[in-house]
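One structure is given below, encoded as structure tokens.
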Amino acid sequence: RNTSVTELITFNQSVRWAGVAFRELLTRTQTLQKLEISGPGDEAFEEVQRAAITSGFANNKSLRDLKFVDWRAADLAPVLIALQNHPRLQKIHLKYRPDYTDNIPSLSGLEVLLRSQHSKVKELILHKVDTRTAGFHALMQELERNATITNLAIRESVLSRENVQQLKAVLHQNTALQSLDLTSSALG
């Protein structure tokens, strides 16, 4: 119910133990514009926690900037899908620290969010993805036809020859993209 909080940084551990409270925070705090949720991805949420968190994201109307760090596929995909009709979300940042966790990165659900007719996402940052990243191929296919993403960053990532070919197809087909950041992406 706070009317002044615009940015929140929290850890998965705190969200895990306060799933219902987190849902209420996302639903009722209408000034919250930037949210970063990070922490070790060593344990998935329980089904009840996942449902509460997903519901909170589905009912939020104020977020513009979201950053997820080290989220497991089973937890992230339903949240990304729940955000497909979000009226204000403009930036999504997904970051993985492979040296910090055994969690294999996942982008599953991101293509569904971007494909939505209601998607307002203009900036997408992928940090430390590689050829093992689930959903990368589907995301690249969506980016070929996407008309809202204007800024794409794939940072500190290992891209295979196939990934580079997919990226070439995106650049060939996508006319909305204005900025591409491939910092430290081992294009060699």
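Identifiers in this document derive from the order of the structure tokens: chains are assigned A, B, ..., residues are numbered from 1 separately in each chain, and ligands are numbered from 1 in order of occurrence.
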Set the distance at 7 Å and use only C-alpha atoms: which residues neighbour A:Thr183 once local chain neighbours fewer than 2 positions away are removed? I'd like the list as an MDAnalysis selection string.
chainID A and resid 155:156 181 185
Residues from the last selection, all heavy atoms, saved as a PDB file, in the first residue's frame:
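What landed in out-v2.pdb:
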ATOM      1  N   ARG A 155      24.990 -10.195 -23.793  1.00  0.00           N
ATOM      2  CA  ARG A 155      26.285  -9.884 -23.190  1.00  0.00           C
ATOM      3  C   ARG A 155      26.928 -11.103 -22.538  1.00  0.00           C
ATOM      4  O   ARG A 155      26.239 -11.932 -21.952  1.00  0.00           O
ATOM      5  CB  ARG A 155      26.128  -8.802 -22.129  1.00  0.00           C
ATOM      6  CG  ARG A 155      25.609  -7.500 -22.650  1.00  0.00           C
ATOM      7  CD  ARG A 155      25.507  -6.488 -21.524  1.00  0.00           C
ATOM      8  NE  ARG A 155      24.861  -5.276 -22.005  1.00  0.00           N
ATOM      9  CZ  ARG A 155      24.081  -4.516 -21.269  1.00  0.00           C
ATOM     10  NH1 ARG A 155      23.843  -4.824 -20.011  1.00  0.00           N
ATOM     11  NH2 ARG A 155      23.530  -3.439 -21.777  1.00  0.00           N
ATOM     12  N   GLU A 156      28.248 -11.133 -22.606  1.00  0.00           N
ATOM     13  CA  GLU A 156      29.045 -12.190 -21.969  1.00  0.00           C
ATOM     14  C   GLU A 156      28.446 -13.564 -22.218  1.00  0.00           C
ATOM     15  O   GLU A 156      28.273 -14.359 -21.302  1.00  0.00           O
ATOM     16  CB  GLU A 156      29.171 -11.922 -20.471  1.00  0.00           C
ATOM     17  CG  GLU A 156      29.941 -10.658 -20.147  1.00  0.00           C
ATOM     18  CD  GLU A 156      30.142 -10.460 -18.665  1.00  0.00           C
ATOM     19  OE1 GLU A 156      30.563 -11.421 -17.995  1.00  0.00           O
ATOM     20  OE2 GLU A 156      29.853  -9.361 -18.181  1.00  0.00           O
ATOM     21  N   ASP A 181      23.806  -4.963 -28.779  1.00  0.00           N
ATOM     22  CA  ASP A 181      25.002  -5.008 -27.942  1.00  0.00           C
ATOM     23  C   ASP A 181      25.425  -6.470 -27.804  1.00  0.00           C
ATOM     24  O   ASP A 181      24.697  -7.282 -27.233  1.00  0.00           O
ATOM     25  CB  ASP A 181      24.667  -4.417 -26.565  1.00  0.00           C
ATOM     26  CG  ASP A 181      25.825  -4.481 -25.575  1.00  0.00           C
ATOM     27  OD1 ASP A 181      26.883  -5.042 -25.896  1.00  0.00           O
ATOM     28  OD2 ASP A 181      25.631  -3.971 -24.453  1.00  0.00           O
ATOM     29  N   SER A 185      30.712 -11.577 -26.425  1.00  0.00           N
ATOM     30  CA  SER A 185      29.884 -12.720 -26.794  1.00  0.00           C
ATOM     31  C   SER A 185      30.625 -13.778 -27.596  1.00  0.00           C
ATOM     32  O   SER A 185      30.018 -14.570 -28.297  1.00  0.00           O
ATOM     33  CB  SER A 185      28.643 -12.248 -27.561  1.00  0.00           C
ATOM     34  OG  SER A 185      27.743 -11.649 -26.657  1.00  0.00           O
TER      35      SER A 185
END
Skip stretch 88-92 of chain A itself and residues of its chain fewer than 5 positions away, then list as a list in words all residues within 7 Å of it, counting only C-alpha atoms.
Lys61, Ser62, Leu63, Arg64, Asp65, Leu66, Lys67, Lys120, Val121, Lys122, Glu123, Leu124 and Ile125 of chain A
Could you give me, as a PyMOL selection string, each residue of stretch 19-188 of chain A that DSSP assigns to strand (DSSP E or B) when run on this structure's backbone?
chain A and resi 34-38+65-69+91-95+106+123-127+134+151-155+179-181
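The interatomic distance for the pair atom CA of A:Gln30 and atom CA of A:Leu80 works out to 19.5 Å.
Our summary of the geometry notes that atom CA of A:Phe45 is positioned 23.1 Å from atom CA of A:Leu32.
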Can you pull out the residues contacting A:Thr29? Cut-off 10 Å, using only C-alpha atoms, and skip same-chain residues under 3 positions away; I want them as a PyMOL selection string.
chain A and resi 1-6+24-26+32-33+60-63
Could you list, with a cut-off of 12 Å and counting only C-alpha atoms, the residues of stretch 4-76 of chain A near stretch 131-150 of chain A, each shown with its nearest atom pair and the distance in Å rounded to one decimal, rows sorted by chain and ascending number, as JSON lines?
{"residue": "A:Arg72", "atom": "CA", "partner": "A:Ala134", "partner_atom": "CA", "distance": 10.8}
{"residue": "A:Ala73", "atom": "CA", "partner": "A:Ala134", "partner_atom": "CA", "distance": 8.3}
{"residue": "A:Ala74", "atom": "CA", "partner": "A:Ala134", "partner_atom": "CA", "distance": 11.4}
{"residue": "A:Leu76", "atom": "CA", "partner": "A:Gly135", "partner_atom": "CA", "distance": 11.7}
Limited to N, CA and C atoms, could you put the picked residues into a file as an mmCIF file, in the first residue's frame?
data_model
loop_
_atom_site.group_PDB
_atom_site.id
_atom_site.type_symbol
_atom_site.label_atom_id
_atom_site.label_comp_id
_atom_site.auth_asym_id
_atom_site.auth_seq_id
_atom_site.Cartn_x
_atom_site.Cartn_y
_atom_site.Cartn_z
ATOM 1 N N ARG A 72 15.281 -20.374 -12.096
ATOM 2 C CA ARG A 72 15.099 -21.682 -12.728
ATOM 3 C C ARG A 72 13.973 -21.610 -13.753
ATOM 4 N N ALA A 73 14.062 -22.457 -14.767
ATOM 5 C CA ALA A 73 13.076 -22.480 -15.852
ATOM 6 C C ALA A 73 11.660 -22.694 -15.324
ATOM 7 N N ALA A 74 11.505 -23.617 -14.387
ATOM 8 C CA ALA A 74 10.167 -23.934 -13.861
ATOM 9 C C ALA A 74 9.533 -22.739 -13.152
ATOM 10 N N LEU A 76 10.582 -19.335 -13.791
ATOM 11 C CA LEU A 76 10.588 -18.161 -14.653
ATOM 12 C C LEU A 76 9.540 -18.226 -15.762
#
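Of the residues under consideration (A:Ala169, A:Leu8, A:Val79, A:Ala52), A:Val79 shows the shortest atom-to-atom contact distance to A:Ser108 when counting only C-alpha atoms.
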Residue set, chain A restricted to helix (DSSP H, G or I), as a VMD selection string:
chain A and resid 12 to 17 19 to 28 47 to 59 73 to 85 110 to 115 136 to 145 161 to 173
